[in-house]
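In what follows, a single structure is set out as structure tokens and then discussed.
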Amino acid sequence: MQPKENKLTRFGACLSAGALVLGNTAPAMASKTKSPDPIDRTVLPIREPEYPTSGLLDVRQATPPPHFDVRPPAGAPNVLVVLVDDLGFAGTSSFGGPVPTEAFDRIAREGLRYNNFHTTAVSSPTRAALKSGRNHHVNNMGSIIETGTAFPGNTGQIPSNVAPLAEMLRLNGYGTGAFGKWHELAAWEASAAGPFDRWPTRQGFDKFYGFLGGETNQWAPFVYDGTTAQELPEDPQYHFMADMTDKAISWVKFQKALAPEKPFYMYFAPGATHAPHHVPAEWIAKWKGKFDGGWDVLRKGILDRQIKLGIVPKATKLAPKPTAIPDWDKLTKDQKTLFARQFEVFAAFVDYTDFHIGRLVKAVEETGELDNTMIVLVYGDNGASAEGGANGMFSEMTYFNGVQEKVEDMLKVKDKWGGPETYPHMAAGWAVALDTPYTWTKQVASDPGGTKVGMALRWPRGIKSKNQIRSQFAHVIDIAPTILEAAGLPEPKVVNGVTQRPMDGVSLVYSFDDAKAPERHTTQYFEMFGNRAIYNAGWFARTIHRAPWEPTPRRDLKDDIWELYDLRKDFSLVNDLAKTNPTKLEELKSLFMKEAEKNYALPVDDRLFDRIIASNVGRPDLMAGRTSITLSAGMVGMTENTFLNIKNRSMTVTAKIEIPTTGAHGIVFAQGGRFGGWALYVKDGVPAYDYNFLGMQRFTVAGKEKLSPGPATLRFDFAYDGGGVGKGGLGSLYVNGKKIAEGRIERTQPAIFSADETADVGIDLASPVVESIGAERASKFNGKIDEVTVELASLPKPH
């Protein structure tokens with residue numbers, strides 16, 4: 001006897017066809033014949049069907065509906081997007097650079113090179129734009145997150161109406177993973193208190209392994225797996241570039257082993273080649289003596305290779321260096337020796353980074369998925385960095401604290417350059433060379449040297465052309481729509497209940513097999529810290545408002561001097577047409593204002609260091625209005641943006657601890673690390689306080705007697721001298737209310753301890769503030785910590 005048909009049985013029969021659609025029947029872009037996708041993918045997440053109720057008593061008489069399973073269109077490619085840090089237009093050998101980049105060259109040789117591909121000129125803005133397909137101010141990323149303000153367009157807090165590509169792909173059935181540098185999390189949200197809405201795992205990524213800030217110590221990073229801070233392995237050879245690559249390889253192989261039909265989207269963003277330039281010694285050694293000719297010779301050689309490779313037109317001229325960059329032959333012998341060493345280390349960093357990217361590509365190949373993986377290599381989130389200034393730096397933290405390092409001092413430690421004891425950056429002349437044939441560098445959004453980088457794209461199943469150059473104007477905002485089109489996915493109108501702002505980018509698919517296709521991205525504004533420009537149909541108008549090494553603007557915004565170039569005839573911007581075609585210039589200046597207004601780039605904010613302090617610019621501050629915080633054991637990983645700012649004022653730290661019978665040892669509380677910070681600790685039973693000034697000078701206030709077993713209260717008072725920022729003061733150390741030591745701390749850091757080191761109770765994560773105590777497991781306090789209280793004294797009233 002047949003079971004009686006019921007509405008659930010009928011629903012199952014009707015849904016089965018639909019389930020097949022959800023199970024991967026709609027073809028992706030690569031297919032020649034597209035059949036309509038019956039699924040509405042413009043509203044995400046895709047709505048699960050409503051199941052009717054059943055009136056049957058016995059389950060054996062009923063037919064279940066098919067399983068609801070969202071999958072991408074058939075043939076949708078895997079996607080690997082690689083974003084290297086701070087590497088300019090000439091950073092790869094495929095673009096004329098001095099360092100062989102085999103991984104990049106392979107992708108370029110087997111795919112396409114885009115020689116007119118632009119970024120925003122700085123990190124956070126480029127990353128947000130690349131991952132969302134919208135302009136950086138629309139993402140509220142007008143600058144880096146550490147300089148966010150109260151103004152829309154510059155808050156540093158990504159709005160929900162610009163959902164990232166990763167979330168769109170995840171909700172269409174992709175597996176998603178992000179590895180390396182993030183630098184898109186609003187400064188005040190980077191703590192255990194959240195909110196976690198803008199952390200990577202809530203921005204579309206199932207997996208995240210990396211660091212949240214703008215840079216990291218490659219030898220001793222502060223790393224998260226998801227939202228959980230990780231302790232570093234006890235491995236003297238540890239390097240983050242190798243570690244993140246290992247994790248990425250493991251993830252992609254795991255994905256393909258468990259769900260081979262499920263495509264993946266991986267965002268792989270090394271902290272390399274951003275400062276600090278950290279590289280294993282054996283990689284540095286092979287570059288010894290290779291750059292003794294200097295940056296002027298290097299620039300000319302790069303341009304010659306670019307012309308030979310067809311990366312630039314044959315008639316391209318070398319744009320003049322900034323006047324602040326000296327000719328190499330006018331440097332002293334000591335300067336040449338130091339600067340050549342700096343670039344040997346940087347070249348090794350490029351080499352080392354590209355090697356690991358090659359490992360990742362090889363891993364994808366080993367899964368058998370390489371030909372249906374769209375690989376997008378963006379070798380630079382901006383131009384090469386000139387933030388090393390005239391002489392470079394042994395410790396980059398000196399730059400942020402207004403301390404100028406001397407050549408003679410750095411020369412003494414040149415053999416350590418790139419190792420764990422350094423936090424180095426290179427002289428600006430090298431950055432100009434890596435941005436050949438242009439004048440300017442990172443931060444200068446009004447020059448291709450600041451925005452243009454090497455990009456290579458490979459996807460054999462979707463692109464017939466190989467080893468070809470594409471010269472259509474392109475921008476990082478074009479990557480997201482390109483991937484959507486390649487996957488056969490529409491741009492969603494609603495994501496997670498929020499109506500979306502349309503993408504600003506233009507898909508590059510039109511250019512894949514047509515080198516002469518008219519460019520579709522015809523207008524693009526640029527703005528960063530007051531440097532502004534507008535591109536329109538081959539014309540480029542711009543103003544240089546400030547150079548990266550200049551602490552203040554050259555003039556008021558209203559007084560800026562604008563220039564005009566025809567990029568169709570003048571690849572390197574050497575022929576300013578402002579005086580001969582003032583009408584066109586005014587037209588483009590007007591167009592800039594229109595584009596800036598509709599993209600939240602107005603009002604323009606040209607402040608730089610002022611914006612680091614949240615209260616100066618109205619940025620939310622987790623510690624706003626507070627003068628004390630009480631912590632307990634296990635509270636670690638607090639970044640400077642989420643902790644009390646103890647700089648330039650008097651303060652007290654009090655710790656209630658218990659001393660074991662075997663004697664105490666380890667960190668009670670520490671903030672910062674090897675290149676700047678302070679710590680209250682016990683060494684071999686004796687309490688002490690250290691202030692580490694930029695890793696250059698250390699001040700210790702220590703007792704003489706060991707602490708007795710049992711409860712103890714340690715207190716350290718710092719009486720700031722006042723009279724400005726970065727001054728010294730008197731430190732006094734107490735045990736159970738009794739002063740046991742005092743001493744002068746002659747200098748303090750006025751602005752920042754570290755970009756990624758943290759405040760920690762009972763341990764010093766990453767690198768050590770106190771070298772004799774160490775970091776990570778070696779620094780763990782062996783007693784009990786009941787509480788630690790940090791209190792700030794009232795700021796002195798201005799005279």
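Order determines the names: the first chain of the structure tokens is A, the second B, and so forth; residues in each chain are numbered 1 upward, and ligands are numbered 1 upward as they are shown.
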Pick out the residues sitting within 8 Å of Thr543 of chain A, and hand them over as a list in words; count only C-alpha atoms, and ignore anything fewer than 2 positions along from it in its own chain.
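Residues near the query, excluding close chain neighbours: Ser446, Asn531, Arg532, Ala533, Ala541, His545, Asp560, Ile561, Trp562 and Glu563 of chain A.
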Go ahead and dump the residues you just picked, N, CA and C atoms, as a compact mmCIF listing (two decimals), in the first residue's frame.
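Contents of the output file part-v3.txt:
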# COMPACT_ATOMS: atom_id res chain seq x y z
N SER A 446 49.20 61.77 -4.41
CA SER A 446 49.12 62.61 -5.61
C SER A 446 50.27 62.33 -6.57
N ASN A 531 47.64 65.39 0.54
CA ASN A 531 48.09 65.16 -0.83
C ASN A 531 46.89 64.71 -1.65
N ARG A 532 46.59 65.41 -2.76
CA ARG A 532 45.36 65.16 -3.49
C ARG A 532 45.59 65.14 -4.99
N ALA A 533 44.76 64.36 -5.67
CA ALA A 533 44.87 64.25 -7.12
C ALA A 533 43.56 63.73 -7.69
N ALA A 541 45.57 65.62 -12.50
CA ALA A 541 45.85 66.88 -11.81
C ALA A 541 46.19 66.56 -10.37
N HIS A 545 51.19 68.26 -1.11
CA HIS A 545 50.91 69.06 0.09
C HIS A 545 51.99 68.87 1.16
N ASP A 560 47.53 75.52 -1.90
CA ASP A 560 48.29 74.48 -2.58
C ASP A 560 48.48 74.78 -4.07
N ILE A 561 49.60 74.36 -4.59
CA ILE A 561 49.95 74.57 -6.01
C ILE A 561 49.61 73.29 -6.77
N TRP A 562 48.77 73.41 -7.78
CA TRP A 562 48.32 72.25 -8.55
C TRP A 562 49.12 72.13 -9.85
N GLU A 563 49.30 70.88 -10.26
CA GLU A 563 50.02 70.56 -11.50
C GLU A 563 49.10 69.75 -12.41
Quick one: DSSP alpha helix (DSSP H) residues in segment 467-534 of chain A, as a list in words?
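Filtering segment 467-534 of chain A to alpha helix (DSSP H) leaves Ile479, Ala480, Pro481, Thr482, Ile483, Leu484, Glu485 and Ala486 of chain A.
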Can you pull out the residues contacting segment 611-615 of chain A? Cut-off 12 Å, using only C-alpha atoms, and skip same-chain residues under 3 positions away; I want them as number ranges by chain.
A: 143-150, 154-156, 186-188, 400-401, 529, 605-608, 618-625, 640-642, 644-645, 647, 750-752, 755
Please write the residues from the selection above to a file, keeping N, CA and C atoms, as a short mmCIF file (atom, residue, chain, number, x, y, z; two decimals), in the first residue's frame.
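Contents of the output file part-v7.cif:
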data_model
loop_
_atom_site.label_atom_id
_atom_site.label_comp_id
_atom_site.auth_asym_id
_atom_site.auth_seq_id
_atom_site.Cartn_x
_atom_site.Cartn_y
_atom_site.Cartn_z
N SER A 143 42.54 57.39 6.39
CA SER A 143 43.96 57.25 6.71
C SER A 143 44.11 55.95 7.50
N ILE A 144 45.24 55.74 8.13
CA ILE A 144 45.41 54.53 8.93
C ILE A 144 44.54 54.59 10.18
N ILE A 145 44.22 53.44 10.72
CA ILE A 145 43.28 53.38 11.84
C ILE A 145 43.77 54.16 13.06
N GLU A 146 45.09 54.24 13.22
CA GLU A 146 45.65 54.93 14.40
C GLU A 146 45.46 56.44 14.34
N THR A 147 45.03 56.95 13.18
CA THR A 147 44.82 58.40 13.04
C THR A 147 43.38 58.73 12.69
N GLY A 148 42.47 57.84 13.05
CA GLY A 148 41.06 58.10 12.82
C GLY A 148 40.57 59.33 13.58
N THR A 149 39.54 59.98 13.06
CA THR A 149 38.98 61.18 13.67
C THR A 149 37.47 61.00 13.88
N ALA A 150 36.80 62.09 14.25
CA ALA A 150 35.36 62.04 14.46
C ALA A 150 34.57 62.24 13.17
N ASN A 154 36.67 59.30 7.92
CA ASN A 154 37.97 59.20 8.59
C ASN A 154 37.91 58.54 9.96
N THR A 155 36.79 57.91 10.31
CA THR A 155 36.65 57.39 11.68
C THR A 155 37.48 56.14 11.93
N GLY A 156 37.81 55.40 10.87
CA GLY A 156 38.51 54.14 11.04
C GLY A 156 37.60 52.98 11.39
N ALA A 186 39.08 49.37 14.03
CA ALA A 186 39.08 50.65 14.73
C ALA A 186 39.92 50.54 15.99
N ALA A 187 40.76 51.55 16.23
CA ALA A 187 41.78 51.47 17.27
C ALA A 187 41.22 51.12 18.64
N TRP A 188 40.05 51.65 18.96
CA TRP A 188 39.49 51.45 20.30
C TRP A 188 38.75 50.11 20.42
N PHE A 400 58.63 57.78 15.37
CA PHE A 400 57.34 58.16 15.96
C PHE A 400 57.51 58.99 17.24
N ASN A 401 58.70 59.00 17.79
CA ASN A 401 58.94 59.77 19.01
C ASN A 401 59.84 60.97 18.79
N PHE A 529 46.31 62.63 3.76
CA PHE A 529 46.99 63.63 4.58
C PHE A 529 47.20 64.94 3.80
N ASP A 605 41.70 66.45 5.85
CA ASP A 605 42.41 66.53 7.13
C ASP A 605 43.90 66.28 6.88
N ASP A 606 44.71 67.34 6.98
CA ASP A 606 46.14 67.21 6.70
C ASP A 606 46.98 67.09 7.97
N ARG A 607 46.31 66.90 9.12
CA ARG A 607 47.06 66.69 10.36
C ARG A 607 47.68 65.30 10.34
N LEU A 608 48.81 65.15 11.01
CA LEU A 608 49.48 63.85 11.03
C LEU A 608 49.67 63.37 12.47
N GLY A 618 38.80 63.78 18.54
CA GLY A 618 37.45 63.29 18.81
C GLY A 618 37.25 61.82 18.54
N ARG A 619 38.34 61.04 18.45
CA ARG A 619 38.21 59.61 18.22
C ARG A 619 37.82 58.92 19.52
N PRO A 620 36.91 57.97 19.50
CA PRO A 620 36.59 57.24 20.74
C PRO A 620 37.84 56.62 21.35
N ASP A 621 37.85 56.57 22.66
CA ASP A 621 39.01 56.05 23.40
C ASP A 621 38.46 55.19 24.52
N LEU A 622 38.85 53.93 24.55
CA LEU A 622 38.36 53.01 25.57
C LEU A 622 38.66 53.51 26.97
N MET A 623 39.73 54.29 27.12
CA MET A 623 40.13 54.79 28.43
C MET A 623 39.74 56.25 28.65
N ALA A 624 38.93 56.80 27.79
CA ALA A 624 38.58 58.22 27.89
C ALA A 624 37.99 58.57 29.26
N GLY A 625 38.56 59.61 29.86
CA GLY A 625 38.06 60.09 31.15
C GLY A 625 38.53 59.30 32.35
N GLU A 640 48.35 49.77 23.05
CA GLU A 640 48.40 51.14 23.57
C GLU A 640 47.11 51.91 23.34
N ASN A 641 46.40 51.58 22.26
CA ASN A 641 45.15 52.27 21.98
C ASN A 641 44.01 51.83 22.89
N THR A 642 44.23 50.77 23.67
CA THR A 642 43.17 50.30 24.57
C THR A 642 43.64 50.26 26.02
N LEU A 644 45.57 52.77 29.38
CA LEU A 644 45.84 54.13 29.86
C LEU A 644 47.12 54.68 29.23
N ASN A 645 47.09 55.93 28.84
CA ASN A 645 48.28 56.58 28.30
C ASN A 645 49.06 57.19 29.45
N LYS A 647 52.11 58.37 29.34
CA LYS A 647 53.21 59.21 28.87
C LYS A 647 53.03 60.67 29.28
N PRO A 750 57.64 60.21 24.29
CA PRO A 750 56.50 61.11 24.34
C PRO A 750 55.25 60.63 23.61
N ALA A 751 55.41 59.72 22.60
CA ALA A 751 54.28 59.43 21.73
C ALA A 751 53.84 57.98 21.73
N ILE A 752 54.78 57.06 21.60
CA ILE A 752 54.40 55.67 21.41
C ILE A 752 55.52 54.75 21.89
N ALA A 755 54.27 49.67 17.96
CA ALA A 755 53.12 49.52 17.07
C ALA A 755 52.29 48.29 17.42
#
So which residues of segment 36-268 of chain A fall under strand (DSSP E) by DSSP, listed as a ChimeraX atom specification?
/A:43-44,78-84,112-114,117-118,175-181,207-211,223-225,228-230,264-268
So which residues touch segment 575-592 of chain A within 12 Å, counting only C-alpha atoms, skipping near sequence neighbours fewer than 2 positions away, as a ChimeraX atom specification?
/A:316-320,446,523-527,532-543,560-573,594-599,601-602,604
From the options A:Ala324, A:Leu792, A:Val279, A:Met426, which residue's atoms come nearest to Ser628 of chain A, counting only C-alpha atoms?
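Answer, going by the shortest atom-to-atom distance: A:Leu792.
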Suppose you want the space between atom CA of Ser471 of chain A and atom CA of Val376 of chain A; what is it in Å?
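Taking atom CA of Ser471 of chain A as the start and atom CA of Val376 of chain A as the end point, the length is 16.2 Å.
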Can you tell me which residues surround Leu411 of chain A at a distance of at most 12 Å, considering only C-alpha atoms, apart from same-chain residues fewer than 5 positions away, and format the answer as a PyMOL selection string?
chain A and resi 333-342+391-394+405-406+416-417
Output N, CA, C and O atoms for every residue in the selection just made, as an mmCIF file, in the first residue's frame.
data_model
loop_
_atom_site.group_PDB
_atom_site.id
_atom_site.type_symbol
_atom_site.label_atom_id
_atom_site.label_comp_id
_atom_site.auth_asym_id
_atom_site.auth_seq_id
_atom_site.Cartn_x
_atom_site.Cartn_y
_atom_site.Cartn_z
ATOM 1 N N LYS A 333 81.648 58.474 3.149
ATOM 2 C CA LYS A 333 81.940 57.039 3.105
ATOM 3 C C LYS A 333 81.097 56.285 4.123
ATOM 4 O O LYS A 333 80.569 55.196 3.840
ATOM 5 N N ASP A 334 80.956 56.865 5.325
ATOM 6 C CA ASP A 334 80.163 56.209 6.364
ATOM 7 C C ASP A 334 78.695 56.102 5.955
ATOM 8 O O ASP A 334 78.042 55.071 6.202
ATOM 9 N N GLN A 335 78.169 57.163 5.364
ATOM 10 C CA GLN A 335 76.782 57.116 4.908
ATOM 11 C C GLN A 335 76.590 56.019 3.863
ATOM 12 O O GLN A 335 75.637 55.243 3.928
ATOM 13 N N LYS A 336 77.499 55.958 2.916
ATOM 14 C CA LYS A 336 77.386 54.938 1.870
ATOM 15 C C LYS A 336 77.450 53.532 2.455
ATOM 16 O O LYS A 336 76.680 52.646 2.068
ATOM 17 N N THR A 337 78.346 53.328 3.397
ATOM 18 C CA THR A 337 78.496 52.006 4.008
ATOM 19 C C THR A 337 77.217 51.601 4.738
ATOM 20 O O THR A 337 76.723 50.474 4.590
ATOM 21 N N LEU A 338 76.675 52.514 5.524
ATOM 22 C CA LEU A 338 75.453 52.232 6.282
ATOM 23 C C LEU A 338 74.263 52.029 5.359
ATOM 24 O O LEU A 338 73.506 51.058 5.489
ATOM 25 N N PHE A 339 74.084 52.951 4.411
ATOM 26 C CA PHE A 339 72.904 52.899 3.561
ATOM 27 C C PHE A 339 72.911 51.660 2.659
ATOM 28 O O PHE A 339 71.862 51.059 2.409
ATOM 29 N N ALA A 340 74.084 51.275 2.160
ATOM 30 C CA ALA A 340 74.172 50.071 1.336
ATOM 31 C C ALA A 340 73.767 48.843 2.146
ATOM 32 O O ALA A 340 73.065 47.948 1.653
ATOM 33 N N ARG A 341 74.208 48.797 3.402
ATOM 34 C CA ARG A 341 73.828 47.683 4.280
ATOM 35 C C ARG A 341 72.313 47.649 4.492
ATOM 36 O O ARG A 341 71.695 46.577 4.491
ATOM 37 N N GLN A 342 71.706 48.815 4.664
ATOM 38 C CA GLN A 342 70.261 48.877 4.855
ATOM 39 C C GLN A 342 69.521 48.241 3.684
ATOM 40 O O GLN A 342 68.551 47.488 3.868
ATOM 41 N N ASN A 391 68.398 59.113 6.954
ATOM 42 C CA ASN A 391 69.463 58.184 7.325
ATOM 43 C C ASN A 391 69.012 56.763 7.615
ATOM 44 O O ASN A 391 69.842 55.899 7.883
ATOM 45 N N GLY A 392 67.715 56.505 7.562
ATOM 46 C CA GLY A 392 67.240 55.207 8.019
ATOM 47 C C GLY A 392 67.229 55.158 9.537
ATOM 48 O O GLY A 392 67.557 56.140 10.212
ATOM 49 N N MET A 393 66.857 54.011 10.099
ATOM 50 C CA MET A 393 66.721 53.906 11.552
ATOM 51 C C MET A 393 67.085 52.514 12.042
ATOM 52 O O MET A 393 66.698 51.520 11.440
ATOM 53 N N PHE A 394 67.810 52.460 13.117
ATOM 54 C CA PHE A 394 68.078 51.200 13.807
ATOM 55 C C PHE A 394 66.807 50.728 14.503
ATOM 56 O O PHE A 394 66.529 49.544 14.586
ATOM 57 N N GLU A 405 68.181 59.516 14.776
ATOM 58 C CA GLU A 405 69.353 58.668 14.981
ATOM 59 C C GLU A 405 70.518 59.164 14.122
ATOM 60 O O GLU A 405 70.324 59.681 13.028
ATOM 61 N N LYS A 406 71.723 58.977 14.620
ATOM 62 C CA LYS A 406 72.919 59.451 13.926
ATOM 63 C C LYS A 406 73.596 58.318 13.162
ATOM 64 O O LYS A 406 73.613 57.169 13.601
ATOM 65 N N LYS A 416 74.307 43.941 12.908
ATOM 66 C CA LYS A 416 73.120 43.354 13.525
ATOM 67 C C LYS A 416 71.850 43.670 12.738
ATOM 68 O O LYS A 416 70.781 43.138 13.049
ATOM 69 N N TRP A 417 71.992 44.520 11.725
ATOM 70 C CA TRP A 417 70.822 45.041 10.987
ATOM 71 C C TRP A 417 69.966 43.894 10.440
ATOM 72 O O TRP A 417 70.446 42.998 9.766
#
Sort by chain and increasing residue number a table of all residues of segment 331-406 of chain A within 10 Å of segment 669-684 of chain A, each with its closest pair of atoms and their distance in Å to one decimal, counting only C-alpha atoms, and write it as JSON lines.
{"residue": "A:Phe394", "atom": "CA", "partner": "A:Phe675", "partner_atom": "CA", "distance": 9.9}
{"residue": "A:Ser395", "atom": "CA", "partner": "A:Phe675", "partner_atom": "CA", "distance": 6.8}
{"residue": "A:Glu396", "atom": "CA", "partner": "A:Phe675", "partner_atom": "CA", "distance": 8.6}
{"residue": "A:Met397", "atom": "CA", "partner": "A:Phe675", "partner_atom": "CA", "distance": 6.9}
{"residue": "A:Thr398", "atom": "CA", "partner": "A:Phe675", "partner_atom": "CA", "distance": 9.0}
May I have the residues within 9 Å of Ala390 of chain A as an MDAnalysis selection string, using only C-alpha atoms and disregarding those fewer than 6 positions away in the same chain?
chainID A and resid 324:326 426:429 549
From A:Asp354, A:Asp243, A:Asp478, A:Asp86, residue lying nearest Gly383 of chain A [only C-alpha atoms]:
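The shortest atom-to-atom distance to Gly383 of chain A comes from A:Asp86.
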Contacts of segment 481-493 of chain A within 9 Å, only C-alpha atoms, excl. fewer than 6 positions in-chain, as a PDB file with C-alpha atoms, in the first residue's frame:
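Result saved to part_18.pdb:
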ATOM      1  CA  ALA A  26      24.659  27.743 -12.324  1.00  0.00           C
ATOM      2  CA  PRO A  27      27.830  28.292 -14.360  1.00  0.00           C
ATOM      3  CA  ALA A  28      30.485  30.820 -13.404  1.00  0.00           C
ATOM      4  CA  MET A  29      31.914  33.474 -15.712  1.00  0.00           C
ATOM      5  CA  ALA A  30      34.281  31.089 -17.492  1.00  0.00           C
ATOM      6  CA  ARG A  41      21.910  36.081  -4.634  1.00  0.00           C
ATOM      7  CA  THR A  42      21.386  39.838  -4.422  1.00  0.00           C
ATOM      8  CA  VAL A  43      20.091  39.439  -0.863  1.00  0.00           C
ATOM      9  CA  LEU A  44      22.519  37.701   1.479  1.00  0.00           C
ATOM     10  CA  PRO A  72      28.642  28.942  -5.457  1.00  0.00           C
ATOM     11  CA  PRO A  73      27.847  28.726  -9.169  1.00  0.00           C
ATOM     12  CA  ALA A  74      29.420  25.787 -10.995  1.00  0.00           C
ATOM     13  CA  GLY A  75      33.018  26.405 -11.944  1.00  0.00           C
ATOM     14  CA  ALA A  76      33.436  29.316  -9.545  1.00  0.00           C
ATOM     15  CA  PRO A  77      37.191  29.606  -9.053  1.00  0.00           C
ATOM     16  CA  ASN A  78      39.200  29.466  -5.891  1.00  0.00           C
ATOM     17  CA  VAL A  79      40.676  32.883  -5.196  1.00  0.00           C
ATOM     18  CA  SER A 132      35.213  45.944  -0.246  1.00  0.00           C
ATOM     19  CA  GLY A 133      35.391  47.370  -3.776  1.00  0.00           C
ATOM     20  CA  LEU A 165      33.972  40.684  -0.481  1.00  0.00           C
ATOM     21  CA  MET A 168      29.744  38.021   0.095  1.00  0.00           C
ATOM     22  CA  LEU A 169      31.711  34.943  -0.921  1.00  0.00           C
ATOM     23  CA  ASN A 172      27.579  32.206  -1.327  1.00  0.00           C
ATOM     24  CA  MET A 374      42.445  33.038  -9.620  1.00  0.00           C
ATOM     25  CA  GLY A 462      39.229  32.084 -17.321  1.00  0.00           C
ATOM     26  CA  THR A 499      21.194  47.826   2.205  1.00  0.00           C
ATOM     27  CA  GLN A 500      24.594  48.111   0.569  1.00  0.00           C
ATOM     28  CA  ARG A 501      26.337  51.052  -1.025  1.00  0.00           C
ATOM     29  CA  PRO A 502      27.208  49.980  -4.600  1.00  0.00           C
ATOM     30  CA  MET A 503      30.815  49.162  -5.338  1.00  0.00           C
ATOM     31  CA  ASP A 504      32.913  51.971  -6.765  1.00  0.00           C
ATOM     32  CA  GLY A 505      35.274  49.590  -8.539  1.00  0.00           C
ATOM     33  CA  VAL A 506      34.990  48.265 -12.097  1.00  0.00           C
ATOM     34  CA  SER A 507      35.568  44.623 -12.957  1.00  0.00           C
ATOM     35  CA  LEU A 508      38.763  43.968 -14.897  1.00  0.00           C
ATOM     36  CA  VAL A 509      37.351  40.905 -16.651  1.00  0.00           C
TER      37      VAL A 509
END
Give the answer as one residue: which of A:Ser708, A:Asn372, A:Thr700, A:Ser650 has the shortest atom-to-atom distance to Ala664 of chain A, using only C-alpha atoms?
A:Ser708
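The nearest approach to Ile544 of chain A among the residues A:Val444, A:Val453, A:Val361, A:Leu232, with only C-alpha atoms taken into account, belongs to A:Val444.
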Here atom CA of Asp197 of chain A and atom CA of Asp760 of chain A stand apart by 24.2 Å
Counting only C-alpha atoms, figure out which residue out of A:Asp329, A:Asp225, A:Asp371, A:Asp235 gets nearest to Trp459 of chain A.
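When distances to Trp459 of chain A are compared using only C-alpha atoms, the smallest one comes from A:Asp371.
In this model, the gap between atom CA of Ala166 of chain A and atom CA of Pro45 of chain A comes to 12.8 Å.
Proximity ranking of A:Gly402, A:Leu112, A:Ala688, A:Ser772 relative to Lys706 of chain A places A:Ala688 first, based on only C-alpha atoms.
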